[in-house]
Structures are given as C-alpha cells and as structure tokens.
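So this one's input.tsv, TSV, C-alpha atoms:
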chain	number	residue	atom	x	y	z
A	462	MET	CA	0.00	0.00	0.00
A	463	THR	CA	1.42	3.41	-0.93
A	464	ALA	CA	1.61	6.30	1.55
A	465	LEU	CA	-1.29	8.02	-0.24
A	466	GLU	CA	-3.47	4.91	-0.14
A	467	ASN	CA	-2.60	4.41	3.50
A	468	LEU	CA	-3.49	8.02	4.38
A	469	SER	CA	-6.74	7.81	2.37
A	470	LYS	CA	-7.71	4.62	4.17
A	471	LEU	CA	-7.09	6.18	7.59
A	472	LEU	CA	-9.01	9.33	6.64
A	473	SER	CA	-11.98	7.32	5.33
A	474	ARG	CA	-12.59	6.05	8.88
A	475	LEU	CA	-13.50	9.58	10.03
A	476	PRO	CA	-17.23	10.34	10.31
A	477	GLY	CA	-18.75	11.78	7.13
A	478	VAL	CA	-15.61	11.08	5.09
A	479	GLY	CA	-16.21	8.52	2.32
A	480	PRO	CA	-13.51	6.91	0.14
A	481	LYS	CA	-13.77	9.71	-2.48
A	482	SER	CA	-13.41	12.59	-0.01
A	483	ALA	CA	-10.67	10.71	1.83
A	484	SER	CA	-8.68	10.46	-1.38
A	485	ARG	CA	-9.36	14.13	-2.16
A	486	ILE	CA	-8.17	15.19	1.31
A	487	ALA	CA	-5.08	12.95	1.08
A	488	PHE	CA	-4.10	14.52	-2.24
A	489	SER	CA	-4.72	18.02	-0.90
A	490	LEU	CA	-2.32	17.34	1.97
A	491	ILE	CA	0.51	16.99	-0.55
A	492	ASN	CA	0.00	20.60	-1.59
A	493	THR	CA	-0.75	22.24	1.76
A	494	PRO	CA	2.11	24.06	3.56
A	495	LYS	CA	4.35	21.78	5.63
A	496	ASP	CA	3.60	23.89	8.72
A	497	TYR	CA	-0.10	23.21	8.40
A	498	ASN	CA	0.40	19.45	8.05
A	499	ASP	CA	2.63	19.42	11.13
A	500	LEU	CA	0.14	21.45	13.19
A	501	LEU	CA	-2.74	19.21	12.11
A	502	ALA	CA	-0.75	16.04	12.86
A	503	GLN	CA	0.29	17.35	16.28
A	504	SER	CA	-3.24	18.45	17.11
A	505	ILE	CA	-4.63	15.00	16.21
A	506	ALA	CA	-1.92	13.20	18.18
A	507	GLU	CA	-2.53	15.33	21.29
A	508	ILE	CA	-6.30	15.71	21.37
A	509	LYS	CA	-7.01	12.62	23.47
A	510	ASP	CA	-4.49	13.68	26.11
A	511	LYS	CA	-5.71	17.27	26.28
A	512	VAL	CA	-9.44	16.71	26.47
A	513	ARG	CA	-11.22	14.82	29.29
A	514	PRO	CA	-14.77	14.61	30.64
A	515	CYS	CA	-15.76	17.31	33.15
A	516	SER	CA	-15.95	15.64	36.59
A	517	ILE	CA	-19.32	17.32	37.23
A	518	CYS	CA	-21.35	17.36	34.00
A	519	GLY	CA	-19.47	14.91	31.73
A	520	SER	CA	-18.95	17.47	28.95
A	521	PHE	CA	-15.49	17.68	27.36
A	522	THR	CA	-13.01	20.02	29.02
A	523	GLU	CA	-9.29	20.72	29.24
A	524	THR	CA	-9.53	21.52	32.96
A	525	GLU	CA	-10.86	19.42	35.86
A	526	ILE	CA	-14.17	21.28	35.81
A	527	CYS	CA	-15.56	22.62	32.52
A	528	PRO	CA	-16.02	26.39	31.95
A	529	VAL	CA	-19.82	26.09	32.14
A	530	CYS	CA	-19.85	24.27	35.51
A	531	ALA	CA	-17.23	26.70	36.83
A	532	ASP	CA	-19.09	29.82	35.67
A	533	SER	CA	-20.78	31.48	38.67
A	534	MET	CA	-22.94	33.60	36.36
A	535	ARG	CA	-24.88	30.59	35.03
A	536	ASP	CA	-28.37	29.89	36.35
A	537	ARG	CA	-27.96	27.01	38.84
A	538	THR	CA	-31.69	26.32	39.05
A	539	GLN	CA	-31.84	24.93	35.49
A	540	LEU	CA	-30.32	21.65	34.33
A	541	CYS	CA	-30.32	20.64	30.68
A	542	ILE	CA	-29.82	16.90	30.03
A	543	VAL	CA	-28.17	16.01	26.71
A	544	GLU	CA	-26.86	12.81	25.16
A	545	GLN	CA	-23.38	13.87	23.95
A	546	PRO	CA	-20.72	16.49	24.77
A	547	GLN	CA	-21.23	17.84	21.22
A	548	ASP	CA	-24.81	18.76	22.15
A	549	VAL	CA	-23.51	21.11	24.86
A	550	LEU	CA	-21.49	22.93	22.21
A	551	SER	CA	-24.49	23.29	19.88
A	552	ILE	CA	-26.73	24.63	22.65
A	553	GLN	CA	-23.98	26.96	23.87
A	554	ALA	CA	-23.51	28.26	20.32
A	555	SER	CA	-27.26	29.02	20.06
A	556	GLY	CA	-27.07	31.29	23.11
A	557	ALA	CA	-30.62	30.15	24.00
A	558	TYR	CA	-29.74	28.74	27.43
A	559	ASN	CA	-27.88	29.97	30.50
A	560	GLY	CA	-28.22	27.09	32.97
A	561	LEU	CA	-26.11	24.00	33.67
A	562	PHE	CA	-25.74	20.79	31.65
A	563	HIS	CA	-25.66	17.08	32.29
A	564	VAL	CA	-24.20	14.76	29.64
A	565	LEU	CA	-25.60	11.22	29.73
A	566	GLY	CA	-23.00	9.78	27.37
A	567	GLY	CA	-25.60	8.42	24.95
A	568	ALA	CA	-29.22	7.32	24.80
A	569	ILE	CA	-30.92	4.14	25.96
A	570	ASN	CA	-30.70	1.67	23.09
A	571	PRO	CA	-31.32	-1.96	24.06
A	572	LEU	CA	-30.60	-3.19	20.53
A	573	ASN	CA	-27.05	-1.81	20.82
A	574	GLY	CA	-26.74	-3.02	24.39
A	575	VAL	CA	-26.99	0.46	25.95
A	576	GLY	CA	-29.11	0.32	29.09
A	577	PRO	CA	-29.64	2.97	31.81
A	578	GLU	CA	-26.72	1.47	33.75
A	579	ASN	CA	-24.35	2.47	30.92
A	580	LEU	CA	-25.34	6.13	31.14
A	581	SER	CA	-24.60	8.67	33.88
A	582	PHE	CA	-27.98	8.46	35.65
A	583	SER	CA	-26.56	7.87	39.15
A	584	GLN	CA	-24.47	11.05	38.84
A	585	LEU	CA	-27.60	12.84	37.56
A	586	ILE	CA	-29.64	11.79	40.62
A	587	LYS	CA	-26.77	12.79	42.92
A	588	ARG	CA	-26.53	16.24	41.29
A	589	ILE	CA	-30.27	16.79	41.59
A	590	ASP	CA	-30.25	15.63	45.24
A	591	GLU	CA	-27.37	17.93	46.16
A	592	GLY	CA	-28.21	20.87	43.87
A	593	SER	CA	-30.88	23.53	43.85
A	594	PHE	CA	-32.49	22.80	40.50
A	595	LYS	CA	-36.04	23.94	39.82
A	596	GLU	CA	-36.30	22.90	36.16
A	597	ILE	CA	-34.91	19.88	34.35
A	598	ILE	CA	-34.87	20.40	30.58
A	599	ILE	CA	-34.66	17.11	28.67
A	600	ALA	CA	-32.75	17.78	25.45
A	601	THR	CA	-32.16	14.23	24.23
A	602	ASN	CA	-32.47	13.84	20.45
A	603	PRO	CA	-35.95	13.67	18.89
A	604	THR	CA	-35.31	10.03	17.91
A	605	GLU	CA	-36.72	6.76	19.19
A	606	GLU	CA	-33.73	6.30	21.52
A	607	GLY	CA	-33.84	9.92	22.66
A	608	ASP	CA	-37.58	9.65	23.36
A	609	THR	CA	-37.09	6.40	25.30
A	610	THR	CA	-34.37	8.10	27.35
A	611	ALA	CA	-36.66	11.10	27.99
A	612	LEU	CA	-39.41	8.77	29.23
A	613	TYR	CA	-36.90	7.03	31.50
A	614	ILE	CA	-35.77	10.37	32.97
A	615	ARG	CA	-39.42	11.30	33.60
A	616	HIS	CA	-39.91	7.92	35.29
A	617	ILE	CA	-36.96	8.26	37.71
A	618	LEU	CA	-37.72	11.92	38.55
A	619	LYS	CA	-41.53	11.80	38.73
A	620	ASP	CA	-41.81	11.71	42.54
A	621	ARG	CA	-39.61	14.75	43.20
A	622	GLU	CA	-41.50	17.76	44.47
A	623	GLY	CA	-40.72	21.29	43.33
A	624	LEU	CA	-39.04	20.05	40.14
A	625	THR	CA	-40.45	21.02	36.72
A	626	LEU	CA	-39.66	18.64	33.86
A	627	THR	CA	-39.65	20.02	30.31
A	628	ARG	CA	-38.61	18.68	26.90
A	629	LEU	CA	-37.30	20.69	23.92
A	630	ALA	CA	-40.01	21.39	21.31
A	631	SER	CA	-40.01	19.24	18.18
A	632	GLY	CA	-41.41	20.42	14.88
A	633	LEU	CA	-40.60	22.01	11.56
A	634	PRO	CA	-37.03	23.33	11.39
A	635	ILE	CA	-36.85	27.10	10.85
A	636	GLY	CA	-36.23	27.89	7.18
A	637	GLY	CA	-37.57	24.44	6.29
A	638	ASP	CA	-40.31	23.65	3.82
A	639	LEU	CA	-43.57	21.85	4.63
A	640	GLU	CA	-43.31	20.06	1.30
A	641	TYR	CA	-40.03	18.38	2.33
A	642	ALA	CA	-40.91	17.69	5.98
A	643	ASP	CA	-41.14	13.99	6.81
A	644	ARG	CA	-44.36	12.53	8.19
A	645	THR	CA	-43.12	12.12	11.76
A	646	THR	CA	-41.92	15.74	11.94
A	647	LEU	CA	-45.26	16.96	10.56
A	648	THR	CA	-47.19	14.79	13.04
A	649	ARG	CA	-45.08	16.18	15.90
A	650	SER	CA	-45.69	19.74	14.65
A	651	PHE	CA	-49.44	19.17	14.73
A	652	ARG	CA	-49.45	17.52	18.16
A	653	GLY	CA	-47.23	20.24	19.57
A	654	ARG	CA	-48.97	23.18	17.90
A	655	ILE	CA	-49.14	26.34	20.05
A	656	SER	CA	-51.72	29.12	20.31
A	657	PHE	CA	-50.94	32.02	17.99
B	362	MET	CA	-8.83	28.73	21.87
B	363	THR	CA	-9.33	25.24	23.28
B	364	ALA	CA	-7.62	22.17	21.82
B	365	LEU	CA	-10.93	21.05	20.29
B	366	GLU	CA	-11.59	24.44	18.70
B	367	ASN	CA	-8.04	24.51	17.39
B	368	LEU	CA	-8.34	21.02	15.88
B	369	SER	CA	-11.75	21.87	14.35
B	370	LYS	CA	-10.32	25.03	12.79
B	371	LEU	CA	-7.39	23.11	11.26
B	372	LEU	CA	-9.71	20.37	9.95
B	373	SER	CA	-12.11	22.90	8.42
B	374	ARG	CA	-9.34	23.95	6.01
B	375	LEU	CA	-9.41	20.52	4.34
B	376	PRO	CA	-11.34	20.29	1.04
B	377	GLY	CA	-15.00	19.36	1.46
B	378	VAL	CA	-14.86	19.75	5.26
B	379	GLY	CA	-17.07	22.59	6.54
B	380	PRO	CA	-17.16	23.93	10.11
B	381	LYS	CA	-19.87	21.42	11.15
B	382	SER	CA	-18.07	18.33	9.81
B	383	ALA	CA	-14.76	19.64	11.18
B	384	SER	CA	-16.28	19.85	14.64
B	385	ARG	CA	-17.84	16.38	14.23
B	386	ILE	CA	-14.49	14.90	13.17
B	387	ALA	CA	-12.66	16.66	16.03
B	388	PHE	CA	-15.10	15.22	18.59
B	389	SER	CA	-14.85	11.77	17.03
B	390	LEU	CA	-11.06	11.85	17.44
B	391	ILE	CA	-11.53	11.98	21.22
B	392	ASN	CA	-13.20	8.57	21.10
B	393	THR	CA	-11.10	6.80	18.46
B	394	PRO	CA	-8.32	4.44	19.66
B	395	LYS	CA	-5.05	6.19	20.52
B	396	ASP	CA	-3.24	3.97	17.98
B	397	TYR	CA	-5.44	5.23	15.18
B	398	ASN	CA	-4.88	8.89	16.09
B	399	ASP	CA	-1.12	8.33	16.21
B	400	LEU	CA	-1.10	6.54	12.83
B	401	LEU	CA	-3.23	9.27	11.24
B	402	ALA	CA	-1.05	12.03	12.70
B	403	GLN	CA	2.13	10.31	11.54
B	404	SER	CA	0.72	9.69	8.08
B	405	ILE	CA	-0.27	13.37	7.71
B	406	ALA	CA	3.10	14.59	8.98
B	407	GLU	CA	5.02	12.34	6.57
B	408	ILE	CA	2.95	12.50	3.38
B	409	LYS	CA	4.75	15.49	1.86
B	410	ASP	CA	8.14	13.85	2.36
B	411	LYS	CA	7.08	10.48	1.00
B	412	VAL	CA	5.27	11.55	-2.13
B	413	ARG	CA	6.89	13.43	-5.03
B	414	PRO	CA	6.06	14.04	-8.71
B	415	CYS	CA	7.17	11.30	-11.13
B	416	SER	CA	10.14	12.66	-13.10
B	417	ILE	CA	8.55	11.44	-16.34
B	418	CYS	CA	4.78	11.99	-16.19
B	419	GLY	CA	4.33	14.34	-13.20
B	420	SER	CA	1.94	11.99	-11.38
B	421	PHE	CA	2.52	11.41	-7.65
B	422	THR	CA	4.88	8.60	-6.72
B	423	GLU	CA	7.01	7.35	-3.87
B	424	THR	CA	9.79	6.26	-6.19
B	425	GLU	CA	11.77	8.25	-8.77
B	426	ILE	CA	9.60	6.91	-11.59
B	427	CYS	CA	5.92	6.09	-10.98
B	428	PRO	CA	4.63	2.49	-11.31
B	429	VAL	CA	2.72	3.33	-14.52
B	430	CYS	CA	5.75	4.83	-16.30
B	431	ALA	CA	7.90	1.93	-15.07
B	432	ASP	CA	5.43	-0.76	-16.16
B	433	SER	CA	6.72	-2.43	-19.36
B	434	MET	CA	3.27	-3.99	-19.98
B	435	ARG	CA	1.60	-0.61	-20.63
B	436	ASP	CA	0.88	0.47	-24.19
B	437	ARG	CA	3.59	3.01	-25.05
B	438	THR	CA	1.81	4.23	-28.18
B	439	GLN	CA	-0.96	5.94	-26.20
B	440	LEU	CA	-0.55	9.05	-24.05
B	441	CYS	CA	-3.41	10.38	-21.92
B	442	ILE	CA	-3.07	14.04	-20.88
B	443	VAL	CA	-4.74	14.98	-17.58
B	444	GLU	CA	-4.80	18.07	-15.39
B	445	GLN	CA	-4.04	16.63	-11.95
B	446	PRO	CA	-2.32	13.58	-10.41
B	447	GLN	CA	-5.73	12.63	-8.92
B	448	ASP	CA	-7.07	12.18	-12.46
B	449	VAL	CA	-4.49	9.43	-13.09
B	450	LEU	CA	-5.86	7.56	-10.07
B	451	SER	CA	-9.47	7.87	-11.24
B	452	ILE	CA	-8.64	6.63	-14.74
B	453	GLN	CA	-6.48	3.82	-13.32
B	454	ALA	CA	-9.34	2.80	-11.03
B	455	SER	CA	-11.73	2.62	-14.00
B	456	GLY	CA	-9.50	0.07	-15.73
B	457	ALA	CA	-10.53	1.63	-19.07
B	458	TYR	CA	-7.02	2.59	-20.19
B	459	ASN	CA	-3.67	0.84	-20.47
B	460	GLY	CA	-1.38	3.52	-21.95
B	461	LEU	CA	0.85	6.18	-20.38
B	462	PHE	CA	-0.11	9.47	-18.73
B	463	HIS	CA	1.05	13.06	-18.75
B	464	VAL	CA	0.03	15.36	-15.89
B	465	LEU	CA	-0.11	19.05	-16.84
B	466	GLY	CA	-0.38	20.29	-13.25
B	467	GLY	CA	-3.60	22.21	-13.93
B	468	ALA	CA	-5.53	23.85	-16.74
B	469	ILE	CA	-5.01	27.13	-18.57
B	470	ASN	CA	-6.87	29.78	-16.58
B	471	PRO	CA	-5.85	33.37	-17.39
B	472	LEU	CA	-8.16	34.78	-14.70
B	473	ASN	CA	-6.20	32.87	-12.04
B	474	GLY	CA	-2.88	33.71	-13.71
B	475	VAL	CA	-2.28	30.18	-15.05
B	476	GLY	CA	-0.86	30.35	-18.56
B	477	PRO	CA	0.67	27.57	-20.72
B	478	GLU	CA	4.10	28.46	-19.30
B	479	ASN	CA	2.92	27.37	-15.84
B	480	LEU	CA	2.00	23.89	-17.05
B	481	SER	CA	4.26	21.04	-18.16
B	482	PHE	CA	3.87	21.59	-21.93
B	483	SER	CA	7.62	21.64	-22.69
B	484	GLN	CA	8.01	18.22	-21.03
B	485	LEU	CA	4.98	17.05	-23.02
B	486	ILE	CA	6.51	18.10	-26.35
B	487	LYS	CA	9.82	16.50	-25.36
B	488	ARG	CA	8.08	13.21	-24.48
B	489	ILE	CA	6.18	13.19	-27.77
B	490	ASP	CA	9.36	13.99	-29.73
B	491	GLU	CA	11.32	11.23	-28.04
B	492	GLY	CA	8.52	8.65	-27.64
B	493	SER	CA	6.64	6.42	-30.02
B	494	PHE	CA	3.11	7.69	-29.41
B	495	LYS	CA	0.42	7.15	-32.02
B	496	GLU	CA	-2.55	8.54	-30.10
B	497	ILE	CA	-2.79	11.47	-27.71
B	498	ILE	CA	-5.95	11.29	-25.59
B	499	ILE	CA	-6.89	14.67	-24.10
B	500	ALA	CA	-8.56	14.02	-20.76
B	501	THR	CA	-8.68	17.55	-19.34
B	502	ASN	CA	-11.89	18.29	-17.44
B	503	PRO	CA	-15.07	19.11	-19.41
B	504	THR	CA	-14.96	22.69	-18.07
B	505	GLU	CA	-14.16	26.02	-19.71
B	506	GLU	CA	-10.54	25.82	-18.52
B	507	GLY	CA	-10.23	22.16	-19.52
B	508	ASP	CA	-11.67	22.92	-22.97
B	509	THR	CA	-9.30	25.88	-23.44
B	510	THR	CA	-6.40	23.63	-22.49
B	511	ALA	CA	-7.60	20.95	-24.93
B	512	LEU	CA	-7.72	23.54	-27.74
B	513	TYR	CA	-4.22	24.69	-26.82
B	514	ILE	CA	-2.91	21.10	-26.97
B	515	ARG	CA	-4.54	20.66	-30.39
B	516	HIS	CA	-2.89	23.91	-31.49
B	517	ILE	CA	0.65	22.92	-30.48
B	518	LEU	CA	0.35	19.37	-31.84
B	519	LYS	CA	-1.60	20.01	-35.06
B	520	ASP	CA	1.38	19.79	-37.45
B	521	ARG	CA	2.66	16.41	-36.23
B	522	GLU	CA	2.19	13.61	-38.72
B	523	GLY	CA	1.12	10.13	-37.67
B	524	LEU	CA	-0.36	11.39	-34.40
B	525	THR	CA	-4.07	10.95	-33.70
B	526	LEU	CA	-5.61	13.44	-31.26
B	527	THR	CA	-8.72	12.39	-29.34
B	528	ARG	CA	-10.74	13.86	-26.47
B	529	LEU	CA	-12.77	11.95	-23.86
B	530	ALA	CA	-16.50	11.88	-24.66
B	531	SER	CA	-18.73	14.28	-22.76
B	532	GLY	CA	-22.41	13.62	-22.15
B	533	LEU	CA	-24.93	12.25	-19.73
B	534	PRO	CA	-23.32	10.43	-16.81
B	535	ILE	CA	-24.27	6.75	-16.63
B	536	GLY	CA	-27.06	6.21	-14.13
B	537	GLY	CA	-27.98	9.89	-14.43
B	538	ASP	CA	-31.36	11.32	-15.26
B	539	LEU	CA	-32.20	13.51	-18.28
B	540	GLU	CA	-34.49	15.55	-16.06
B	541	TYR	CA	-31.59	16.61	-13.84
B	542	ALA	CA	-28.96	17.07	-16.54
B	543	ASP	CA	-27.83	20.68	-16.96
B	544	ARG	CA	-28.22	22.45	-20.30
B	545	THR	CA	-24.55	22.34	-21.24
B	546	THR	CA	-24.32	18.60	-20.62
B	547	LEU	CA	-27.47	18.01	-22.68
B	548	THR	CA	-26.15	20.19	-25.52
B	549	ARG	CA	-22.89	18.24	-25.47
B	550	SER	CA	-24.79	14.94	-25.51
B	551	PHE	CA	-26.68	16.05	-28.60
B	552	ARG	CA	-23.61	17.34	-30.42
B	553	GLY	CA	-21.67	14.20	-29.57
B	554	ARG	CA	-24.48	11.72	-30.29
B	555	ILE	CA	-23.30	8.44	-31.84
B	556	SER	CA	-24.94	6.07	-34.31
B	557	PHE	CA	-26.88	3.31	-32.57
Please, can you express the file's structure as structure tokens?
Amino acid sequence: MTALENLSKLLSRLPGVGPKSASRIAFSLINTPKDYNDLLAQSIAEIKDKVRPCSICGSFTETEICPVCADSMRDRTQLCIVEQPQDVLSIQASGAYNGLFHVLGGAINPLNGVGPENLSFSQLIKRIDEGSFKEIIIATNPTEEGDTTALYIRHILKDREGLTLTRLASGLPIGGDLEYADRTTLTRSFRGRISF
Amino acid sequence: MTALENLSKLLSRLPGVGPKSASRIAFSLINTPKDYNDLLAQSIAEIKDKVRPCSICGSFTETEICPVCADSMRDRTQLCIVEQPQDVLSIQASGAYNGLFHVLGGAINPLNGVGPENLSFSQLIKRIDEGSFKEIIIATNPTEEGDTTALYIRHILKDREGLTLTRLASGLPIGGDLEYADRTTLTRSFRGRISF
C-alpha cells in the first residue's frame, strides 16, 4: 500500500468522510504548507491527552471542571440533560440557554446493548439531590432512543417535588419547507402546535 | 482557543470539510483508539516527504519513476493528458485505459494567472518527440478551462504527422437522469451523439 493509499484509508474512517473525499483530502495534503500538516498532525496526536470529561457534568473540558460548571454567572436552578458532549457545544452556540448541563453519554438503546446502567444516571440523581435545581430540561435527540431516554428520565424523577420537567419542542425546522418535511416531523408539529 | 476548537479550525481547512463536519471529526477523534490517532497524525506529517512528482509523467509517486511509467506492460503508443495527479488515479481505477499518462499540473486559466508556461507543456513536447506515441488522448476536465487547455494542446500538436488526437466523450453520466442534466451537458450529448 502506498503512503497516499494508507493516508486515504485512515481518513476514510473519520465520520462523514467517504472513500472519495478521503482520497481528495489525502491529495490536498501533498500541496498544503508543511507547517499546516505538522500542526494538524500534532493536534490529532494530542487531542485525546488534552481533552477529558468534566468531573461534574461529563462534557469535554481541558480543565478538571468545565467552563460552564465553573461559571458562577450561570443559572444554577436549570439543568439541561443532553446525550453527547457535542450537544452542549451546539446549545452553547445558540445562546438560547444559560443554565447547567448534564451529559448522559448516549441514549438508551437496548438493541445496541446500551441500558440505563451504561449512562450517567446515578451522577444525575446525585446532582439533583445535592443541587438547587427547579427545572430539568430534557434535550435528548428527537429520535426513538432519545424519546425512550426522555421517558426514563421522567420515570426516575416523577416523585420529586418542586421540580419542573420540560422537553425541547419538536417540529418544523426554521427555514424548512412543509413540502419536504417527513411525516413524523409533521405529526409532531401538529401535536405540539401552540396558540398564535 | 481550546484544543478542540483549534483542531476543528485546522480540519475545516481541508477540502470538502465545513465547520460542522470539522467539529464532528474533532469530537470523534476523542473517542477513536489512541493507535489510530497516532497513525493518522504520523501519516499526515510524513505525506509530503514520501510523495513526489514522477520525473517522467508528473503523477505522484514514492519512487523516482511512478509504477505506470515503469510498467513495461503498458501500451507506449498511447498518451493520456490529464490536469491533476488525482485524475491518473481515477482513470487507473476505471481500468478503461492501459497507456501512459502526462500530468499538466492544472488547466489554462488566465483569470487565475495560469498560462501555458505554468503547465508542463515543454516536457509534453519533449516526451512526444522522443517517444513512439500514435494517439494522444486529451482528458482535461469538461470545463471552460479544460476545454481551453484541450484547444491549446490541439494547437501545439496540429502539425505532427502520424499522431491521432482524441478527447474523452462528454455527455450524460451513466445512471444519471435527463431531467436533472444541466443544459450544457445536454447540448454536449446532442452534439456528440453516436450512431446506434
């Protein structure tokens, strides 16, 4: 196997990179500046050592406690539960939320062998017991697994007094087109319709 | 800038990788095996040193002369002229051709400051003078720049006797749909229609 084929093969294992794009990227790396290649290589080699899960929320961080958990200006009465560390980044980028996060590390998926015991539910309960949360916002994905996980969270938290449970709204994406919306999304939009 | 942001930014400079995919790839590299990250990093850091242009055809190679130029089983009466080293790989993968290649290093594009003097035309002439080619197959891209380059090649080779000049057929891609074909492709398909 040549160096180019080897690089293409490694690149094609990255998410969203098929054999064609892998080959295109490999070729492009022959023409990029040497400095860039070295920086990229170094950054890839180091990333696993630099980034770790936050000991409180489970989001990725380079310090013991992530910037969100450490930020005293965040609203400590709201807790947003997400599946993956990436979801924290997306919500942070939207600027729509100023509370704390809890990363489950996935969604309940019995077919893939992911049960509640594989996710960070015990830490979640501990945080809720010790914290001063008033609202728990369930922001698992609007998928079958995400919905199952949301139902499970409702189940384990249902007897707590003074705790409001909410779930992110599902429906038509902004800028989307009714014509191209799938049936499930349309059904959800109807069920979740709001007074206007 | 955090390590993840830094890695995402570097990745987003790769062709076909936007900010969203860059961030997705960066996150994925936290969960891939350490061995894989190290191999990928090493492969990226080394690729520029390992790969060089073939001293005959200009295609990428890890040896002085590329495997195609060195292969005594290839038909040395046919020369296929392409723009980029990648094009050699695509044609090789198709298995449709068994002759030699010549890589120009691009296409004539006056707006981007690429004139004939920036491409390997002098080497091309030298190879044709010294070789035993009977057919020159012009496989520049079916774009304005590729067409201009094809016309230029025809111009500089038009007085050579015993040399057939051909150009790859343009038309509807196989598996494509007339409904979605653009006007230029359809026009080319009509002009280039063959007896059936």
Draw an axis-aligned box over all listed atoms of range 392-408 of chain B, pad each side with 3 Å, and write its centre and edge lengths in Å, one decimal, as lines of an AutoDock Vina configuration file.
center_x = -4.1
center_y = 9.3
center_z = 12.2
size_x = 24.2
size_y = 16.6
size_z = 23.7
Inset, instruction - Select residues of chain B: the criterion is any atom within 8 Å of an atom of chain A, counting all atoms listed in the file; output as JSON, numbers by chain. - result: {"B": [363, 364, 365, 367, 368, 371, 372, 375, 376, 377, 382, 385, 386, 388, 389, 390, 391, 392, 395, 397, 398, 399, 400, 401, 402, 403, 404, 405, 406, 408, 409, 411, 412, 423, 447]}
Legend entry - Atom-to-atom span, CA of Asn602 in chain A and CA of Arg628 in chain A, Å: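 CA of Asn602 in chain A sits 10.1 Å away from CA of Arg628 in chain A.
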Inset, instruction - For CA of Phe582 in chain A and CA of Ile614 in chain A, determine how far apart the two atoms are, in Å to one decimal place. - result: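 Computed distance, CA of Phe582 in chain A to CA of Ile614 in chain A, equals 8.5 Å.
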Legend entry - Test item: residues at most 10 Å from Phe551 in chain B, all atoms listed in the file, excluding those fewer than 5 positions along its chain, as number ranges by chain: B: 532-533, 545-546
Legend entry - Neighbour list for Ile655 in chain A as a ChimeraX atom specification, cut-off 12 Å, only C-alpha atoms, skip fewer than 3 positions in-chain: /A:630-632,649-652
Inset, instruction - Can you check the Cα RMSD once chain B has been least-squares fitted onto chain A over every paired atom, in order? - result: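 Computed on C-alpha atoms only, the RMSD stands at 0.1 Å.
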Legend entry - Exercise: range 563-574 of chain A partners within 12 Å, all atoms listed in the file, chain neighbours under 4 positions left out, as number ranges by chain: A: 514-521, 527, 529-530, 539-550, 578-589, 597-614; B: 392
Legend entry - Interatomic distance (Å, one decimal) between CA of Asp490 in chain B and CA of Leu518 in chain B: 10.7 Å
Legend entry - Nearest to Arg535 in chain A, chosen from A:Ile617, A:Leu561, A:Met462, A:Ile635, with all atoms listed in the file counted in the distances: A:Leu561
Inset, instruction - Could you pull out every residue with an atom within 8 Å of (1.7, 4.0, -28.1), file coordinates, counting only C-alpha atoms, and send them as a list in words? - result: Asp436, Arg437, Thr438, Gln439, Leu440, Gly460, Ser493, Phe494, Lys495 and Glu496 of chain B
Inset, instruction - Using all atoms listed in the file, find the one residue out of B:Phe557, B:Tyr458, B:Leu547, B:Pro477 that sits nearest to Leu529 in chain B. - result: B:Tyr458
Starting from the incomplete input, reconstruct N, CA and C atoms of range 526-543 of chain A and report them as an mmCIF file, in the coordinates of the input.
data_model
loop_
_atom_site.group_PDB
_atom_site.id
_atom_site.type_symbol
_atom_site.label_atom_id
_atom_site.label_comp_id
_atom_site.auth_asym_id
_atom_site.auth_seq_id
_atom_site.Cartn_x
_atom_site.Cartn_y
_atom_site.Cartn_z
ATOM 1 N N ILE A 526 -12.754 20.923 35.902
ATOM 2 C CA ILE A 526 -14.170 21.280 35.810
ATOM 3 C C ILE A 526 -14.356 22.173 34.585
ATOM 4 N N CYS A 527 -15.397 21.896 33.783
ATOM 5 C CA CYS A 527 -15.560 22.620 32.520
ATOM 6 C C CYS A 527 -15.955 24.081 32.762
ATOM 7 N N PRO A 528 -15.726 24.965 31.776
ATOM 8 C CA PRO A 528 -16.020 26.390 31.950
ATOM 9 C C PRO A 528 -17.478 26.665 32.325
ATOM 10 N N VAL A 529 -18.406 25.857 31.825
ATOM 11 C CA VAL A 529 -19.820 26.090 32.140
ATOM 12 C C VAL A 529 -20.089 25.796 33.618
ATOM 13 N N CYS A 530 -19.635 24.630 34.093
ATOM 14 C CA CYS A 530 -19.850 24.270 35.510
ATOM 15 C C CYS A 530 -19.145 25.262 36.438
ATOM 16 N N ALA A 531 -18.011 25.809 35.975
ATOM 17 C CA ALA A 531 -17.230 26.700 36.830
ATOM 18 C C ALA A 531 -17.756 28.139 36.809
ATOM 19 N N ASP A 532 -18.650 28.442 35.872
ATOM 20 C CA ASP A 532 -19.090 29.820 35.670
ATOM 21 C C ASP A 532 -20.171 30.197 36.694
ATOM 22 N N SER A 533 -19.842 31.116 37.591
ATOM 23 C CA SER A 533 -20.780 31.480 38.670
ATOM 24 C C SER A 533 -21.944 32.319 38.152
ATOM 25 N N MET A 534 -21.859 32.783 36.917
ATOM 26 C CA MET A 534 -22.940 33.600 36.360
ATOM 27 C C MET A 534 -24.058 32.750 35.741
ATOM 28 N N ARG A 535 -23.845 31.430 35.632
ATOM 29 C CA ARG A 535 -24.880 30.590 35.030
ATOM 30 C C ARG A 535 -26.001 30.331 36.037
ATOM 31 N N ASP A 536 -27.196 30.132 35.525
ATOM 32 C CA ASP A 536 -28.370 29.890 36.350
ATOM 33 C C ASP A 536 -28.326 28.455 36.901
ATOM 34 N N ARG A 537 -28.126 28.328 38.237
ATOM 35 C CA ARG A 537 -27.960 27.010 38.840
ATOM 36 C C ARG A 537 -29.285 26.375 39.265
ATOM 37 N N THR A 538 -30.388 26.948 38.768
ATOM 38 C CA THR A 538 -31.690 26.320 39.050
ATOM 39 C C THR A 538 -32.174 25.526 37.824
ATOM 40 N N GLN A 539 -31.454 25.653 36.706
ATOM 41 C CA GLN A 539 -31.840 24.930 35.490
ATOM 42 C C GLN A 539 -30.781 23.911 35.102
ATOM 43 N N LEU A 540 -31.239 22.687 34.770
ATOM 44 C CA LEU A 540 -30.320 21.650 34.330
ATOM 45 C C LEU A 540 -30.807 21.072 33.004
ATOM 46 N N CYS A 541 -29.965 21.132 32.005
ATOM 47 C CA CYS A 541 -30.320 20.640 30.680
ATOM 48 C C CYS A 541 -29.615 19.304 30.442
ATOM 49 N N ILE A 542 -30.395 18.242 30.208
ATOM 50 C CA ILE A 542 -29.820 16.900 30.030
ATOM 51 C C ILE A 542 -29.661 16.605 28.545
ATOM 52 N N VAL A 543 -28.439 16.323 28.115
ATOM 53 C CA VAL A 543 -28.170 16.010 26.710
ATOM 54 C C VAL A 543 -27.508 14.643 26.597
#
